[in-house]
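Visitor: For reference, this is work_38.tsv, and it has TSV, C-alpha atoms.
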```tsv
chain	number	residue	atom	x	y	z
U	1	MET	CA	-20.90	30.34	-20.96
U	2	PRO	CA	-20.83	28.28	-24.18
U	3	CYS	CA	-21.14	30.26	-27.40
U	4	GLY	CA	-24.67	30.49	-28.67
U	5	GLN	CA	-26.20	29.78	-25.23
U	6	ARG	CA	-28.69	32.36	-24.03
U	7	ARG	CA	-27.87	34.61	-21.16
U	8	PRO	CA	-30.30	36.97	-19.38
U	9	SER	CA	-30.74	40.26	-21.22
U	10	ARG	CA	-29.71	43.43	-19.45
U	11	GLN	CA	-32.26	45.61	-21.22
U	12	LEU	CA	-36.00	45.59	-21.35
U	13	ALA	CA	-37.51	44.67	-24.71
U	14	SER	CA	-40.86	44.25	-26.35
U	15	ARG	CA	-41.58	42.32	-29.52
U	16	SER	CA	-42.61	43.86	-32.79
U	17	PRO	CA	-45.15	42.07	-34.99
U	18	ALA	CA	-42.25	40.62	-36.99
U	19	GLY	CA	-40.74	39.17	-33.81
U	20	ALA	CA	-37.65	41.39	-33.71
U	21	PRO	CA	-36.74	43.00	-30.37
U	22	SER	CA	-37.91	46.60	-29.93
U	23	LEU	CA	-35.93	48.62	-27.41
U	24	ILE	CA	-37.58	50.48	-24.56
U	25	ALA	CA	-35.21	53.30	-23.68
U	26	SER	CA	-34.79	54.14	-20.00
U	27	ALA	CA	-35.15	57.71	-18.81
U	28	ALA	CA	-31.68	57.72	-17.28
U	29	ALA	CA	-28.50	55.67	-17.15
U	30	GLU	CA	-25.19	55.64	-15.31
U	31	ASP	CA	-21.85	56.35	-16.95
U	32	ILE	CA	-18.63	54.57	-16.04
U	33	THR	CA	-18.13	56.85	-13.00
U	34	GLY	CA	-21.56	56.00	-11.60
U	35	ARG	CA	-23.01	59.46	-12.29
U	36	THR	CA	-26.61	59.59	-13.42
U	37	MET	CA	-26.99	60.68	-17.05
U	38	VAL	CA	-30.00	61.62	-19.14
U	39	ALA	CA	-31.13	59.32	-21.91
U	40	PRO	CA	-28.74	59.26	-24.89
U	41	PRO	CA	-29.37	61.64	-27.78
U	42	THR	CA	-31.66	60.46	-30.53
U	43	LEU	CA	-29.95	59.19	-33.67
U	44	ARG	CA	-31.27	58.91	-37.24
U	45	LEU	CA	-28.42	57.04	-38.89
U	46	ALA	CA	-30.26	53.83	-39.74
U	47	GLN	CA	-33.48	55.64	-40.71
U	48	ASP	CA	-35.30	52.97	-38.68
U	49	PRO	CA	-36.67	53.70	-35.18
U	50	ASP	CA	-35.70	50.41	-33.52
U	51	ALA	CA	-32.27	50.22	-35.14
U	52	ASP	CA	-31.55	53.86	-34.25
U	53	ALA	CA	-32.70	53.29	-30.67
U	54	LEU	CA	-30.12	50.53	-30.32
U	55	LEU	CA	-27.39	52.75	-31.76
U	56	ALA	CA	-28.26	55.47	-29.24
U	57	SER	CA	-28.39	53.16	-26.22
U	58	ASN	CA	-25.65	50.62	-26.98
U	59	PRO	CA	-22.22	52.18	-27.69
U	60	LEU	CA	-20.86	48.93	-29.11
U	61	ALA	CA	-23.68	48.86	-31.67
U	62	LEU	CA	-22.66	52.36	-32.79
U	63	LEU	CA	-19.05	51.24	-33.19
U	64	VAL	CA	-20.08	48.15	-35.15
U	65	GLY	CA	-22.30	50.22	-37.42
U	66	MET	CA	-19.40	52.57	-38.12
U	67	LEU	CA	-17.14	49.61	-38.86
U	68	LEU	CA	-19.62	48.24	-41.41
U	69	ASP	CA	-20.07	51.61	-43.12
U	70	GLN	CA	-17.92	50.91	-46.16
U	71	GLN	CA	-18.75	49.53	-49.60
U	72	PHE	CA	-22.33	49.29	-48.37
U	73	PRO	CA	-25.25	51.77	-48.11
U	74	LEU	CA	-24.66	53.59	-44.84
U	75	GLU	CA	-28.19	53.27	-43.47
U	76	TRP	CA	-28.03	49.51	-44.07
U	77	ALA	CA	-24.70	49.39	-42.26
U	78	PHE	CA	-26.21	51.11	-39.22
U	79	ARG	CA	-29.25	48.82	-39.27
U	80	ALA	CA	-26.98	45.79	-39.13
U	81	PRO	CA	-26.24	45.90	-35.35
U	82	TYR	CA	-29.97	45.70	-34.59
U	83	ARG	CA	-30.44	42.81	-37.00
U	84	LEU	CA	-27.39	41.07	-35.56
U	85	ALA	CA	-28.75	41.44	-32.02
U	86	GLY	CA	-32.04	39.92	-33.17
U	87	ARG	CA	-30.29	36.94	-34.72
U	88	MET	CA	-28.38	36.42	-31.48
U	89	GLU	CA	-31.69	36.70	-29.59
U	90	ARG	CA	-30.42	39.68	-27.63
U	91	THR	CA	-31.61	43.24	-27.19
U	92	SER	CA	-28.07	44.65	-27.26
U	93	LEU	CA	-24.58	43.68	-28.34
U	94	ASP	CA	-21.96	42.47	-25.87
U	95	ALA	CA	-18.28	42.69	-26.80
U	96	GLY	CA	-17.18	39.66	-24.79
U	97	GLU	CA	-19.92	37.45	-26.14
U	98	ILE	CA	-19.25	38.37	-29.77
U	99	ALA	CA	-15.47	38.02	-29.34
U	100	ALA	CA	-15.93	34.49	-27.96
U	101	TYR	CA	-18.52	33.42	-30.54
U	102	ASP	CA	-17.58	30.51	-32.79
U	103	PRO	CA	-16.18	32.19	-35.96
U	104	GLU	CA	-17.99	29.92	-38.41
U	105	ALA	CA	-21.29	30.36	-36.59
U	106	PHE	CA	-20.75	34.12	-36.50
U	107	VAL	CA	-20.18	34.23	-40.25
U	108	LYS	CA	-23.56	32.53	-40.66
U	109	LEU	CA	-25.19	35.20	-38.50
U	110	MET	CA	-23.66	37.88	-40.68
U	111	ALA	CA	-24.54	36.09	-43.92
U	112	GLY	CA	-28.25	35.86	-43.18
U	113	PRO	CA	-30.22	36.09	-45.35
U	114	PRO	CA	-30.31	38.96	-45.67
U	115	ALA	CA	-26.59	39.56	-45.44
U	116	LEU	CA	-25.51	42.26	-42.99
U	117	HIS	CA	-22.81	43.45	-45.37
U	118	ARG	CA	-21.77	43.02	-48.98
U	119	TYR	CA	-18.84	40.94	-47.71
U	120	PRO	CA	-20.30	39.15	-44.68
U	121	ALA	CA	-17.48	36.65	-44.12
U	122	SER	CA	-14.63	39.18	-44.04
U	123	MET	CA	-16.68	41.69	-42.06
U	124	ALA	CA	-17.64	39.02	-39.53
U	125	GLY	CA	-13.95	38.62	-38.74
U	126	ARG	CA	-13.53	42.38	-38.41
U	127	VAL	CA	-16.52	42.69	-36.09
U	128	GLN	CA	-15.14	39.94	-33.84
U	129	ALA	CA	-11.68	41.54	-33.86
U	130	LEU	CA	-13.22	44.90	-32.91
U	131	CYS	CA	-15.17	43.30	-30.07
U	132	ARG	CA	-12.07	41.47	-28.86
U	133	HIS	CA	-10.21	44.78	-28.73
U	134	VAL	CA	-13.03	46.45	-26.76
U	135	ALA	CA	-13.25	43.49	-24.38
U	136	GLU	CA	-9.51	43.37	-23.72
U	137	ARG	CA	-8.65	47.09	-23.66
U	138	TYR	CA	-11.84	48.60	-22.23
U	139	GLY	CA	-13.37	45.82	-20.16
U	140	GLY	CA	-16.13	45.35	-22.71
U	141	ASP	CA	-17.36	48.94	-22.27
U	142	ALA	CA	-17.17	50.62	-25.67
U	143	ALA	CA	-18.19	53.97	-24.20
U	144	ALA	CA	-15.07	53.96	-22.01
U	145	LEU	CA	-13.09	54.41	-25.21
U	146	TRP	CA	-14.38	57.96	-25.59
U	147	HIS	CA	-15.55	58.96	-22.11
U	148	THR	CA	-12.05	58.55	-20.66
U	149	ALA	CA	-10.22	60.32	-23.50
U	150	GLU	CA	-8.82	63.62	-22.22
U	151	SER	CA	-8.34	65.26	-25.62
U	152	GLY	CA	-9.51	65.03	-29.19
U	153	GLN	CA	-6.11	63.73	-30.27
U	154	GLU	CA	-6.18	60.98	-27.63
U	155	LEU	CA	-9.65	59.98	-28.79
U	156	LEU	CA	-8.46	59.91	-32.40
U	157	ARG	CA	-5.46	57.72	-31.47
U	158	ARG	CA	-7.72	55.26	-29.67
U	159	LEU	CA	-10.06	55.04	-32.63
U	160	ARG	CA	-7.18	54.58	-35.08
U	161	ALA	CA	-6.08	51.59	-33.00
U	162	LEU	CA	-9.42	49.82	-33.46
U	163	PRO	CA	-9.42	46.89	-35.91
U	164	GLY	CA	-11.07	48.02	-39.13
U	165	PHE	CA	-10.76	51.74	-38.35
U	166	GLY	CA	-8.44	53.71	-40.61
U	167	GLU	CA	-7.63	57.42	-40.49
U	168	GLN	CA	-10.78	58.61	-42.27
U	169	LYS	CA	-13.18	56.37	-40.35
U	170	ALA	CA	-11.59	57.41	-37.05
U	171	ARG	CA	-11.97	61.12	-37.86
U	172	ILE	CA	-15.58	60.66	-38.94
U	173	PHE	CA	-16.37	58.87	-35.68
U	174	VAL	CA	-14.76	61.68	-33.66
U	175	ALA	CA	-17.06	64.07	-35.53
U	176	LEU	CA	-20.09	61.85	-34.93
U	177	LEU	CA	-19.40	61.71	-31.20
U	178	GLY	CA	-18.88	65.46	-31.00
U	179	LYS	CA	-21.80	66.56	-33.16
U	180	GLN	CA	-24.42	64.06	-32.02
U	181	GLN	CA	-23.34	62.41	-28.77
U	182	GLY	CA	-22.03	65.34	-26.75
U	183	VAL	CA	-18.52	63.88	-26.56
U	184	THR	CA	-16.42	67.02	-26.91
U	185	PRO	CA	-12.95	66.67	-25.35
U	186	PRO	CA	-10.63	69.63	-26.01
U	187	GLY	CA	-9.55	69.72	-29.63
U	188	TRP	CA	-12.17	67.31	-30.94
U	189	ARG	CA	-13.00	69.40	-34.02
U	190	GLU	CA	-9.34	69.62	-34.96
U	191	ALA	CA	-9.01	65.85	-34.50
U	192	ALA	CA	-12.05	65.31	-36.72
U	193	GLY	CA	-10.58	67.50	-39.46
U	194	THR	CA	-13.04	68.71	-42.10
U	195	TYR	CA	-15.64	66.26	-40.77
U	196	GLY	CA	-15.87	68.33	-37.61
U	197	GLU	CA	-16.81	71.54	-39.41
U	198	GLU	CA	-20.13	73.07	-38.41
U	199	GLY	CA	-22.80	73.01	-41.12
U	200	SER	CA	-21.04	70.47	-43.33
U	201	TYR	CA	-22.67	67.46	-44.99
U	202	ARG	CA	-19.67	65.25	-45.53
U	203	SER	CA	-20.32	62.13	-43.49
U	204	VAL	CA	-22.57	60.12	-41.22
U	205	ALA	CA	-21.71	62.64	-38.50
U	206	ASP	CA	-24.01	65.12	-40.26
U	207	ILE	CA	-27.05	62.88	-40.73
U	208	VAL	CA	-29.98	63.83	-38.53
U	209	ASP	CA	-32.91	63.05	-40.86
U	210	ALA	CA	-33.79	61.86	-44.38
U	211	ASP	CA	-32.91	65.24	-45.90
U	212	THR	CA	-29.39	65.34	-44.47
U	213	LEU	CA	-28.91	61.70	-45.50
U	214	GLY	CA	-29.62	62.80	-49.06
U	215	ARG	CA	-27.17	65.71	-48.78
U	216	VAL	CA	-24.41	63.46	-47.48
U	217	ARG	CA	-25.07	60.92	-50.20
U	218	GLU	CA	-24.89	63.66	-52.85
U	219	TYR	CA	-21.60	64.92	-51.42
U	220	LYS	CA	-20.13	61.41	-51.62
U	221	LYS	CA	-21.24	61.10	-55.23
U	222	GLN	CA	-19.53	64.37	-56.05
U	223	MET	CA	-16.32	63.22	-54.37
U	224	LYS	CA	-16.35	59.94	-56.30
U	225	ALA	CA	-16.92	61.78	-59.57
U	226	ALA	CA	-14.06	64.18	-58.81
U	227	ALA	CA	-11.77	61.27	-57.95
U	228	LYS	CA	-12.55	59.60	-61.30
U	229	VAL	CA	-11.70	62.79	-63.17
U	230	LYS	CA	-8.36	63.06	-61.36
U	231	GLY	CA	-7.67	59.36	-61.96
```
As structure tokens, what does this structure read like?
Guide:
Amino acid sequence: MPCGQRRPSRQLASRSPAGAPSLIASAAAEDITGRTMVAPPTLRLAQDPDADALLASNPLALLVGMLLDQQFPLEWAFRAPYRLAGRMERTSLDAGEIAAYDPEAFVKLMAGPPALHRYPASMAGRVQALCRHVAERYGGDAAALWHTAESGQELLRRLRALPGFGEQKARIFVALLGKQQGVTPPGWREAAGTYGEEGSYRSVADIVDADTLGRVREYKKQMKAAAKVKG
């Protein structure tokens, strides 16, 4: 299918007054083995109901949000997948479609206005590279990346291999999956390092509401201040 051409959506959607798609979550879904699963856990990363609903229902959107969470307010980063889907006139993100999208046209989608990142052009390339990796290695199913990992260390290795995911981002995502998505292969806390600790407020993995967002933001400020003193 030519890039930019519409294809039938695979999710139901309604329209908000502003015209952006609003997800209608299904009561159940099937995982990659065909087993019936309950609806995905609720997320509060974007601090926006529609954007968070997409993160909870579309694993690729969650990966893209994590990718964009750098040098940019984290809740804005996790709102970006929803805004990107709206600009593509979709109700979810598809790895194959994004990977095949014309790069110049995709930069324009990322640039907005409003821009979906502080550096929309460079991040557009990273998003497409990430989607290409998911399409080629996991058949376009981002969730297969973690649902087929047999240990925390294997999950961490897979995440490290993702374009745009370094050591820290990979560990944070392991913690996010374990703490909020029920993805707990043996050794996941060890793989997540300090981000996997119970009761911590170090990263996006610990954000469940506005209060915890504030605590995580304060922790990051303290870490930056400490780094400046050492520097």
Visitor: Give the answer as one residue: which of U:Val229, U:Ala95, U:Leu45, U:Ala53 has the shortest atom-to-atom distance to Ile207 of chain U, using only C-alpha atoms?
Guide: U:Leu45
Visitor: One decimal, in Å: what's the spacing between atom CA of Ile172 of chain U and atom CA of Arg90 of chain U?
Guide: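 Going from atom CA of Ile172 of chain U over to atom CA of Arg90 of chain U, I get 28.1 Å.
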Visitor: If we count all atoms listed in the file and set the cut-off at 9 Å, which residues sit around segment 157-166 of chain U, ignoring sequence neighbours fewer than 4 positions away in its own chain? Please answer as a short mmCIF file (atom, residue, chain, number, x, y, z; two decimals) with C-alpha atoms, in the coordinates of the input.
Guide:
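The file below, result-v7.cif, is the result:
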```
data_model
loop_
_atom_site.label_atom_id
_atom_site.label_comp_id
_atom_site.auth_asym_id
_atom_site.auth_seq_id
_atom_site.Cartn_x
_atom_site.Cartn_y
_atom_site.Cartn_z
CA MET U 66 -19.40 52.57 -38.12
CA LEU U 67 -17.14 49.61 -38.86
CA LEU U 68 -19.62 48.24 -41.41
CA MET U 123 -16.68 41.69 -42.06
CA ARG U 126 -13.53 42.38 -38.41
CA VAL U 127 -16.52 42.69 -36.09
CA ALA U 129 -11.68 41.54 -33.86
CA LEU U 130 -13.22 44.90 -32.91
CA CYS U 131 -15.17 43.30 -30.07
CA HIS U 133 -10.21 44.78 -28.73
CA VAL U 134 -13.03 46.45 -26.76
CA LEU U 145 -13.09 54.41 -25.21
CA TRP U 146 -14.38 57.96 -25.59
CA ALA U 149 -10.22 60.32 -23.50
CA GLY U 152 -9.51 65.03 -29.19
CA GLN U 153 -6.11 63.73 -30.27
CA ALA U 170 -11.59 57.41 -37.05
CA ARG U 171 -11.97 61.12 -37.86
CA PHE U 173 -16.37 58.87 -35.68
CA VAL U 174 -14.76 61.68 -33.66
#
```
Visitor: Between U:Gln181, U:Asn58, U:Thr91, U:Thr212, single out the one closest to Gly199 of chain U, counting all atoms listed in the file.
Guide: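 Closest to Gly199 of chain U, using all atoms listed in the file: U:Thr212.
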Visitor: Considering all atoms listed in the file, can you say which of U:Arg118, U:Tyr201, U:Leu176, U:Val183 comes closest to Leu43 of chain U?
Guide: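 Among the listed residues, U:Leu176 lies closest to Leu43 of chain U.
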Visitor: Between U:Gly178, U:Gly214, U:Pro120, U:Pro103, which residue has the minimum interatomic distance to Glu190 of chain U, considering all atoms listed in the file?
Guide: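 Using all atoms listed in the file, the shortest distance to Glu190 of chain U belongs to U:Gly178.
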Visitor: Go through U:Thr184, U:Glu218, U:Val64, U:Asp209 and flag the residue nearest Pro49 of chain U, using all atoms listed in the file for the distances.
Guide: U:Asp209
